[in-house]
>>> print(open('structure.txt').read())   # compact mmCIF, C-alpha atoms
# COMPACT_ATOMS: atom_id res chain seq x y z
CA GLY P 1 26.06 -85.12 -75.73
CA VAL P 2 23.36 -87.79 -76.05
CA LEU P 3 25.73 -90.17 -77.81
CA LEU P 4 28.36 -89.68 -75.11
CA GLY P 5 25.74 -90.01 -72.38
CA GLY P 6 24.67 -93.39 -73.71
CA ALA P 7 28.16 -94.78 -73.21
CA TYR P 8 28.37 -93.10 -69.80
CA ALA P 9 25.12 -94.81 -68.80
CA LEU P 10 26.58 -98.25 -69.38
CA MET P 11 29.72 -97.28 -67.47
CA ALA P 12 27.74 -95.99 -64.49
CA LEU P 13 25.30 -98.91 -64.42
CA GLY P 14 28.23 -101.13 -63.50
CA LEU P 15 29.00 -99.01 -60.43
CA GLN P 16 25.28 -98.77 -59.64
CA LEU P 17 25.07 -102.57 -59.43
CA GLN P 18 28.19 -102.79 -57.29
CA TYR P 19 27.33 -99.95 -54.93
CA GLY P 20 23.55 -99.92 -55.01
CA ILE P 21 23.13 -103.69 -54.66
CA ALA P 22 26.38 -105.25 -53.42
CA ARG P 23 27.05 -102.21 -51.16
CA ILE P 24 30.65 -101.98 -52.39
CA MET P 25 31.93 -98.53 -53.30
CA ASN P 26 34.33 -99.70 -55.99
CA LEU P 27 37.01 -97.08 -56.62
CA ALA P 28 38.63 -99.45 -59.14
CA ASN P 29 35.56 -99.21 -61.39
CA GLY P 30 37.30 -96.91 -63.87
CA GLU P 31 40.32 -99.18 -64.09
CA PHE P 32 38.12 -102.08 -65.18
CA LEU P 33 36.52 -99.80 -67.74
CA ILE P 34 39.97 -99.03 -69.16
CA ALA P 35 40.80 -102.74 -69.02
CA GLY P 36 37.76 -103.32 -71.23
CA ALA P 37 39.02 -100.60 -73.56
CA PHE P 38 42.43 -102.29 -73.77
CA GLY P 39 40.69 -105.59 -74.47
CA ALA P 40 38.80 -104.09 -77.41
CA PHE P 41 42.01 -102.44 -78.66
CA TRP P 42 43.91 -105.73 -78.44
CA PHE P 43 41.25 -107.71 -80.30
CA TYR P 44 40.93 -105.07 -83.03
CA SER P 45 44.66 -104.36 -83.49
CA GLY P 46 45.87 -107.92 -83.16
CA PHE P 47 43.09 -109.90 -84.82
CA GLN P 48 40.94 -107.30 -86.64
CA ILE P 49 37.93 -108.35 -84.54
CA ASN P 50 35.07 -105.88 -84.38
CA PRO P 51 35.05 -104.25 -80.88
CA LEU P 52 31.31 -104.88 -80.65
CA LEU P 53 31.93 -108.60 -81.13
CA ALA P 54 34.90 -108.50 -78.75
CA ILE P 55 32.45 -107.67 -75.94
CA ILE P 56 31.27 -111.28 -76.19
CA VAL P 57 34.67 -112.28 -74.78
CA ILE P 58 35.49 -109.18 -72.70
CA ALA P 59 32.27 -109.24 -70.65
CA PRO P 60 32.57 -112.87 -69.44
CA LEU P 61 36.25 -112.37 -68.56
CA ALA P 62 35.38 -109.25 -66.57
CA PHE P 63 32.54 -111.12 -64.89
CA VAL P 64 34.87 -113.89 -63.73
CA ALA P 65 37.56 -111.43 -62.59
CA ASN P 66 35.11 -109.34 -60.57
CA TRP P 67 33.45 -112.41 -59.05
CA ALA P 68 36.87 -113.62 -57.91
CA ILE P 69 37.70 -110.19 -56.47
CA TYR P 70 34.46 -110.13 -54.50
CA HIS P 71 34.74 -113.73 -53.32
CA TYR P 72 38.41 -113.70 -52.25
CA PHE P 73 39.16 -110.04 -51.62
CA LEU P 74 35.96 -108.34 -50.46
CA THR P 75 33.97 -111.10 -48.73
CA PRO P 76 36.18 -110.93 -45.60
CA LEU P 77 35.39 -107.20 -45.39
CA VAL P 78 31.66 -107.89 -45.75
CA ARG P 79 31.72 -110.52 -42.99
CA ARG P 80 33.56 -108.40 -40.47
CA ALA P 81 31.63 -105.16 -41.12
CA ARG P 82 29.32 -104.34 -38.21
CA SER P 83 27.41 -101.66 -40.12
CA PRO P 84 26.84 -100.48 -43.71
CA GLY P 85 29.01 -97.45 -42.93
CA GLN P 86 31.97 -99.58 -41.92
CA LEU P 87 31.61 -101.71 -45.06
CA GLU P 88 31.53 -98.59 -47.21
CA VAL P 89 34.72 -97.20 -45.64
CA ASP P 90 36.52 -100.55 -45.82
CA SER P 91 35.50 -101.09 -49.45
CA ILE P 92 36.67 -97.59 -50.40
CA LEU P 93 40.11 -98.22 -48.90
CA ALA P 94 40.40 -101.75 -50.33
CA THR P 95 39.31 -100.89 -53.87
CA PHE P 96 41.46 -97.75 -53.84
CA GLY P 97 44.45 -100.03 -53.41
CA LEU P 98 43.06 -102.44 -55.98
CA SER P 99 42.92 -99.62 -58.54
CA PHE P 100 46.70 -99.17 -58.29
CA ILE P 101 47.21 -102.90 -58.77
CA VAL P 102 45.11 -102.91 -61.94
CA VAL P 103 46.86 -99.79 -63.28
CA GLY P 104 50.24 -101.42 -62.65
CA LEU P 105 49.20 -104.57 -64.50
CA MET P 106 47.92 -102.57 -67.50
CA ILE P 107 51.12 -100.52 -67.66
CA ALA P 108 53.19 -103.71 -67.50
CA LEU P 109 51.18 -105.25 -70.34
CA PHE P 110 50.57 -102.25 -72.62
CA GLY P 111 52.94 -99.48 -71.51
CA GLY P 112 52.13 -95.95 -70.44
CA GLU P 113 51.47 -94.30 -73.81
CA TYR P 114 48.09 -93.26 -75.21
CA PHE P 115 46.08 -95.64 -77.39
CA SER P 116 43.36 -95.35 -80.01
CA TYR P 117 42.36 -97.23 -83.12
CA PRO P 118 40.53 -96.35 -86.34
CA PHE P 119 37.13 -98.00 -86.19
CA LEU P 120 34.17 -96.67 -88.22
CA GLU P 121 35.85 -93.28 -88.50
CA ARG P 122 33.46 -91.71 -90.96
CA ALA P 123 30.73 -89.15 -90.63
CA VAL P 124 26.98 -89.69 -90.79
CA ILE P 125 24.72 -86.69 -91.38
CA ILE P 126 21.86 -86.42 -88.88
CA LEU P 127 19.71 -83.27 -88.76
CA GLN P 128 22.21 -81.61 -91.11
CA GLN P 129 25.07 -82.21 -88.67
CA PRO P 130 27.96 -84.70 -89.01
CA PHE P 131 28.31 -87.37 -86.31
CA GLY P 132 30.97 -90.07 -86.06
CA LEU P 133 29.66 -93.49 -87.05
CA ASN P 134 31.74 -95.03 -84.26
CA ARG P 135 29.91 -92.86 -81.69
CA ILE P 136 26.54 -93.83 -83.14
CA ALA P 137 27.45 -97.53 -83.09
CA ALA P 138 28.64 -97.24 -79.47
CA PHE P 139 25.42 -95.48 -78.48
CA CYS P 140 23.21 -98.09 -80.14
CA ALA P 141 25.15 -100.92 -78.48
CA ALA P 142 24.91 -99.16 -75.10
CA VAL P 143 21.15 -98.76 -75.51
CA ALA P 144 20.79 -102.46 -76.35
CA LEU P 145 22.90 -103.56 -73.38
CA CYS P 146 21.11 -101.18 -70.98
CA ALA P 147 17.73 -102.46 -72.20
CA ALA P 148 18.81 -106.08 -71.74
CA LEU P 149 20.02 -105.33 -68.20
CA ILE P 150 16.78 -103.54 -67.26
CA LEU P 151 14.66 -106.37 -68.64
CA ALA P 152 16.74 -108.92 -66.72
CA LEU P 153 16.39 -106.96 -63.48
CA ASN P 154 12.63 -106.58 -63.84
CA TYR P 155 11.49 -109.86 -65.39
CA THR P 156 13.73 -112.63 -64.04
CA ARG P 157 13.94 -114.33 -60.65
CA VAL P 158 17.60 -113.37 -60.33
CA GLY P 159 16.68 -109.77 -61.11
CA LEU P 160 14.01 -109.91 -58.41
CA ALA P 161 16.60 -111.15 -55.91
CA LEU P 162 19.00 -108.37 -56.91
CA ARG P 163 16.30 -105.74 -56.43
CA ALA P 164 15.30 -107.24 -53.08
CA ILE P 165 18.88 -106.99 -51.77
CA SER P 166 19.07 -103.42 -53.03
CA VAL P 167 16.02 -102.48 -50.94
CA ASN P 168 16.76 -104.47 -47.76
CA PRO P 169 19.50 -107.12 -47.52
CA SER P 170 18.37 -108.32 -44.08
CA ALA P 171 14.77 -108.85 -45.16
CA ALA P 172 15.95 -110.53 -48.38
CA GLY P 173 17.87 -113.08 -46.30
CA MET P 174 14.70 -113.93 -44.40
CA VAL P 175 12.93 -115.07 -47.58
CA ALA P 176 15.58 -117.64 -48.60
CA ILE P 177 17.66 -115.29 -50.77
CA LYS P 178 21.37 -116.08 -50.39
CA VAL P 179 22.55 -112.52 -49.86
CA SER P 180 26.28 -113.24 -50.16
CA ARG P 181 25.87 -115.16 -53.42
CA ILE P 182 23.57 -112.57 -55.00
CA SER P 183 25.85 -109.74 -53.86
CA ALA P 184 28.79 -111.46 -55.53
CA LEU P 185 26.67 -111.85 -58.66
CA ALA P 186 25.75 -108.16 -58.60
CA PHE P 187 29.40 -107.15 -58.24
CA ALA P 188 30.44 -109.48 -61.07
CA ILE P 189 27.69 -108.28 -63.41
CA GLY P 190 28.63 -104.70 -62.58
CA GLY P 191 32.22 -105.39 -63.58
CA ALA P 192 31.12 -107.01 -66.85
CA VAL P 193 28.86 -104.05 -67.66
CA THR P 194 31.65 -101.59 -66.87
CA ALA P 195 34.17 -103.43 -69.07
CA SER P 196 31.60 -103.48 -71.89
CA GLY P 197 31.24 -99.71 -71.52
CA GLY P 198 35.01 -99.39 -71.77
CA ALA P 199 35.05 -101.38 -75.00
CA LEU P 200 32.43 -99.03 -76.45
CA LEU P 201 34.19 -95.86 -75.29
CA SER P 202 37.47 -97.09 -76.80
CA MET P 203 35.84 -96.89 -80.24
CA PHE P 204 36.06 -93.09 -80.22
CA LEU P 205 38.15 -91.98 -77.21
CA THR P 206 41.92 -91.92 -76.74
CA PHE P 207 42.93 -93.60 -73.49
CA ASP P 208 45.88 -94.73 -71.41
CA ALA P 209 46.37 -97.02 -68.41
CA SER P 210 46.13 -94.26 -65.78
CA ILE P 211 42.99 -92.46 -66.97
CA GLY P 212 40.54 -94.76 -65.18
CA VAL P 213 40.25 -92.55 -62.09
CA ILE P 214 38.49 -89.89 -64.18
CA PHE P 215 35.85 -92.38 -65.26
CA THR P 216 35.45 -93.65 -61.70
CA LEU P 217 34.64 -90.13 -60.57
CA LYS P 218 32.25 -89.61 -63.48
CA ALA P 219 30.48 -92.87 -62.71
CA LEU P 220 30.19 -91.82 -59.06
CA ILE P 221 28.76 -88.45 -60.09
CA ILE P 222 26.16 -90.18 -62.27
CA VAL P 223 25.17 -92.67 -59.54
CA ILE P 224 24.77 -89.93 -56.91
CA LEU P 225 22.98 -87.63 -59.37
CA GLY P 226 20.51 -90.31 -60.42
CA GLY P 227 20.09 -91.83 -56.94
CA VAL P 228 21.75 -94.89 -55.40
CA GLY P 229 19.88 -98.02 -56.46
CA GLU P 230 17.93 -96.23 -59.19
CA ILE P 231 18.60 -97.71 -62.63
CA ARG P 232 16.39 -95.23 -64.50
CA GLY P 233 18.02 -92.39 -62.55
CA THR P 234 21.46 -93.60 -63.65
CA ILE P 235 20.46 -93.48 -67.31
CA VAL P 236 18.91 -90.00 -67.05
CA ALA P 237 21.89 -88.69 -65.06
CA ALA P 238 24.33 -90.11 -67.62
CA LEU P 239 22.53 -88.26 -70.41
CA ILE P 240 22.55 -85.06 -68.34
CA LEU P 241 26.30 -85.35 -67.75
CA GLY P 242 26.98 -86.10 -71.41
CA LEU P 243 24.95 -83.07 -72.50
CA ALA P 244 26.55 -80.84 -69.86
CA GLU P 245 30.09 -81.81 -70.84
CA THR P 246 29.39 -81.38 -74.54
CA ALA P 247 27.73 -77.99 -73.99
CA ILE P 248 30.68 -76.72 -71.92
CA ALA P 249 33.20 -78.05 -74.46
CA THR P 250 31.32 -76.43 -77.35
CA LEU P 251 30.28 -73.12 -75.83
CA VAL P 252 33.06 -72.37 -73.30
CA ASP P 253 36.27 -74.44 -73.22
CA PRO P 254 36.95 -78.19 -73.65
CA GLY P 255 39.35 -78.00 -70.72
CA LEU P 256 36.48 -77.17 -68.36
CA THR P 257 34.39 -80.30 -68.96
CA LEU P 258 35.73 -82.11 -65.90
CA ALA P 259 35.28 -79.00 -63.76
CA ALA P 260 31.67 -78.77 -64.96
CA ALA P 261 31.08 -82.39 -63.94
CA TYR P 262 32.43 -81.74 -60.43
CA LEU P 263 30.36 -78.55 -60.13
CA LEU P 264 27.25 -80.54 -61.05
CA PHE P 265 28.24 -83.11 -58.42
CA ILE P 266 28.62 -80.46 -55.69
CA ILE P 267 25.31 -78.83 -56.57
CA ILE P 268 23.37 -82.10 -56.39
CA LEU P 269 24.98 -82.95 -53.03
CA LEU P 270 23.94 -79.58 -51.64
CA VAL P 271 20.45 -79.38 -53.14
CA ARG P 272 19.27 -82.99 -53.39
CA PRO P 273 21.79 -85.43 -51.85
CA GLN P 274 19.49 -88.44 -52.41
CA GLY P 275 19.66 -87.83 -56.20
CA LEU P 276 17.06 -86.96 -58.79
CA PHE P 277 15.15 -90.25 -58.46
CA GLY P 278 16.30 -91.37 -55.03
CA SER P 279 14.22 -91.16 -51.87
CA VAL P 280 15.26 -90.24 -48.37
CA ARG P 281 15.87 -93.46 -46.37
>>> encode(input="structure.txt", output="structure tokens")
Amino acid sequence: GVLLGGAYALMALGLQLQYGIARIMNLANGEFLIAGAFGAFWFYSGFQINPLLAIIVIAPLAFVANWAIYHYFLTPLVRRARSPGQLEVDSILATFGLSFIVVGLMIALFGGEYFSYPFLERAVIILQQPFGLNRIAAFCAAVALCAALILALNYTRVGLALRAISVNPSAAGMVAIKVSRISALAFAIGGAVTASGGALLSMFLTFDASIGVIFTLKALIIVILGGVGEIRGTIVAALILGLAETAIATLVDPGLTLAAAYLLFIIILLVRPQGLFGSVR
């Protein structure tokens, strides 16, 4: 559960940046995660390149693609929105359509069958229990990438600008922060982080072009559970979801893992809608 939660954290951090900072509820988030998974599969199957090294190429490509989407596709929605609520509704509708476009492109390129590849498929004994080396490698890479992102957000001027927009975009604009440019940057970084998470998940999960919607919903559950705009909350919530899914799969039935995630989502909306670490605004 912890190993799975680590990969989930990286996946959800991408949506956290896009929704918590850029104010775009990106329903195509899962499709970009699967695109990252296909990228890792293509590099490994076609060129025998380590998926961890493939992230060096996948992340910048995802960054450029998401920056272009924000600049050409979403900026008009941002400019015409008269309130945060209108922007949220418009972005949901727009990115919902975008998700179908991305799925169609992936099916055209790779087909509709399921994909997986044998990478580090051997067991490592930890606490007298066998764990897949590919899962451990994915977890370690996710921890490193999450740590790098947190350090960048807390100790760089760009990170300060990103956090300022997350708290109050209007006030950030009054202190010479270019809100539109930083929002585009947040959306692009979020896409790169999401694609990196997809590359890591592809190391031990079977996937196809149409499965992205499941990961979008899981990322949304994690963001809401941890609190919108709360990076530490996202990481804790991802670990909780990973542990919950693994516990249900082990103790009850693997087919109920998605139902357990939705039940957790409903409970947090009813009991603490601002999330575990979020505050009422």
>>> residues_around(input="structure.txt", residues="P:Glu230", least_positions_apart="6", cutoff="10 Å", atoms="all atoms listed in the file", output="PyMOL selection string")
chain P and resi 13+16-17+20+166+223-224+275-279
>>> residues_around(input="structure.txt", residues="P:Ala40", least_positions_apart="5", cutoff="7 Å", atoms="all atoms listed in the file", output="PyMOL selection string")
chain P and resi 51+54+199
>>> residues_around(input="structure.txt", residues="P:Ala186", least_positions_apart="4", cutoff="7 Å", atoms="all atoms listed in the file", output="number ranges by chain")
P: 17-18, 21-22, 162, 182, 190
>>> residues_around(input="structure.txt", residues="P:Leu264", least_positions_apart="2", cutoff="12 Å", atoms="all atoms listed in the file", output="MDAnalysis selection string")
chainID P and resid 218 220:222 224:226 237:238 240:245 257:262 266:273 275
>>> closest_residue(input="structure.txt", among="P:Leu33, P:Ala161, P:Leu149, P:Val193", to="P:Ile214", atoms="only C-alpha atoms")
P:Leu33
>>> atom_distance(input="structure.txt", atom1="atom CA of P:Met25", atom2="atom CA of P:Ala108")
26.1 Å
>>> closest_residue(input="structure.txt", among="P:Gly112, P:Gly233, P:Gly197, P:Gly255", to="P:Gly14", atoms="all atoms listed in the file")
P:Gly197
>>> build_atoms(input="structure.txt", residues="stretch 13-48 of chain P", atoms="N, CA and C atoms", output="short mmCIF file (atom, residue, chain, number, x, y, z; two decimals), in the coordinates of the input")
data_model
loop_
_atom_site.label_atom_id
_atom_site.label_comp_id
_atom_site.auth_asym_id
_atom_site.auth_seq_id
_atom_site.Cartn_x
_atom_site.Cartn_y
_atom_site.Cartn_z
N LEU P 13 26.15 -97.80 -64.86
CA LEU P 13 25.30 -98.91 -64.42
C LEU P 13 26.13 -99.98 -63.72
N GLY P 14 27.36 -100.16 -64.16
CA GLY P 14 28.23 -101.13 -63.50
C GLY P 14 28.47 -100.75 -62.05
N LEU P 15 28.79 -99.47 -61.81
CA LEU P 15 29.00 -99.01 -60.43
C LEU P 15 27.70 -99.02 -59.65
N GLN P 16 26.58 -98.74 -60.31
CA GLN P 16 25.28 -98.77 -59.64
C GLN P 16 24.98 -100.17 -59.10
N LEU P 17 25.28 -101.20 -59.89
CA LEU P 17 25.07 -102.57 -59.43
C LEU P 17 25.99 -102.91 -58.26
N GLN P 18 27.23 -102.45 -58.33
CA GLN P 18 28.19 -102.79 -57.29
C GLN P 18 27.93 -102.02 -56.00
N TYR P 19 27.55 -100.77 -56.12
CA TYR P 19 27.33 -99.95 -54.93
C TYR P 19 25.88 -100.02 -54.45
N GLY P 20 24.96 -99.94 -55.39
CA GLY P 20 23.55 -99.92 -55.01
C GLY P 20 23.02 -101.26 -54.55
N ILE P 21 23.61 -102.36 -55.02
CA ILE P 21 23.13 -103.69 -54.66
C ILE P 21 24.12 -104.42 -53.76
N ALA P 22 25.38 -104.53 -54.21
CA ALA P 22 26.38 -105.25 -53.42
C ALA P 22 26.94 -104.41 -52.28
N ARG P 23 26.61 -103.12 -52.23
CA ARG P 23 27.05 -102.21 -51.16
C ARG P 23 28.56 -102.04 -51.13
N ILE P 24 29.20 -102.16 -52.28
CA ILE P 24 30.65 -101.98 -52.39
C ILE P 24 30.93 -100.72 -53.21
N MET P 25 31.51 -99.71 -52.56
CA MET P 25 31.93 -98.53 -53.30
C MET P 25 33.26 -98.84 -53.98
N ASN P 26 33.18 -99.19 -55.26
CA ASN P 26 34.33 -99.70 -55.99
C ASN P 26 35.10 -98.56 -56.66
N LEU P 27 36.20 -98.14 -56.04
CA LEU P 27 37.01 -97.08 -56.62
C LEU P 27 37.93 -97.60 -57.72
N ALA P 28 37.89 -98.89 -58.01
CA ALA P 28 38.63 -99.45 -59.14
C ALA P 28 37.72 -99.62 -60.36
N ASN P 29 36.51 -99.08 -60.29
CA ASN P 29 35.56 -99.21 -61.39
C ASN P 29 36.14 -98.68 -62.70
N GLY P 30 36.74 -97.50 -62.66
CA GLY P 30 37.30 -96.91 -63.87
C GLY P 30 38.44 -97.72 -64.45
N GLU P 31 39.21 -98.36 -63.60
CA GLU P 31 40.32 -99.18 -64.09
C GLU P 31 39.81 -100.39 -64.87
N PHE P 32 38.69 -100.96 -64.42
CA PHE P 32 38.12 -102.08 -65.18
C PHE P 32 37.49 -101.61 -66.48
N LEU P 33 37.00 -100.37 -66.48
CA LEU P 33 36.52 -99.80 -67.74
C LEU P 33 37.66 -99.67 -68.74
N ILE P 34 38.81 -99.17 -68.28
CA ILE P 34 39.97 -99.03 -69.16
C ILE P 34 40.50 -100.41 -69.56
N ALA P 35 40.40 -101.38 -68.65
CA ALA P 35 40.80 -102.74 -69.02
C ALA P 35 39.93 -103.26 -70.17
N GLY P 36 38.64 -102.95 -70.12
CA GLY P 36 37.76 -103.32 -71.23
C GLY P 36 38.16 -102.61 -72.51
N ALA P 37 38.57 -101.35 -72.39
CA ALA P 37 39.02 -100.60 -73.56
C ALA P 37 40.28 -101.23 -74.15
N PHE P 38 41.21 -101.62 -73.29
CA PHE P 38 42.43 -102.29 -73.77
C PHE P 38 42.09 -103.63 -74.43
N GLY P 39 41.11 -104.33 -73.86
CA GLY P 39 40.69 -105.59 -74.47
C GLY P 39 40.18 -105.40 -75.88
N ALA P 40 39.31 -104.38 -76.07
CA ALA P 40 38.80 -104.09 -77.41
C ALA P 40 39.92 -103.68 -78.35
N PHE P 41 40.85 -102.86 -77.85
CA PHE P 41 42.01 -102.44 -78.66
C PHE P 41 42.84 -103.64 -79.08
N TRP P 42 43.09 -104.56 -78.15
CA TRP P 42 43.91 -105.73 -78.44
C TRP P 42 43.25 -106.63 -79.48
N PHE P 43 41.95 -106.87 -79.33
CA PHE P 43 41.25 -107.71 -80.30
C PHE P 43 41.23 -107.08 -81.69
N TYR P 44 41.02 -105.74 -81.73
CA TYR P 44 40.93 -105.07 -83.03
C TYR P 44 42.31 -104.96 -83.69
N SER P 45 43.32 -104.56 -82.92
CA SER P 45 44.66 -104.36 -83.49
C SER P 45 45.35 -105.67 -83.81
N GLY P 46 45.16 -106.66 -82.96
CA GLY P 46 45.87 -107.92 -83.16
C GLY P 46 45.18 -108.90 -84.08
N PHE P 47 43.83 -108.89 -84.07
CA PHE P 47 43.09 -109.90 -84.82
C PHE P 47 42.02 -109.32 -85.75
N GLN P 48 41.95 -107.97 -85.81
CA GLN P 48 40.94 -107.30 -86.64
C GLN P 48 39.51 -107.75 -86.30
#
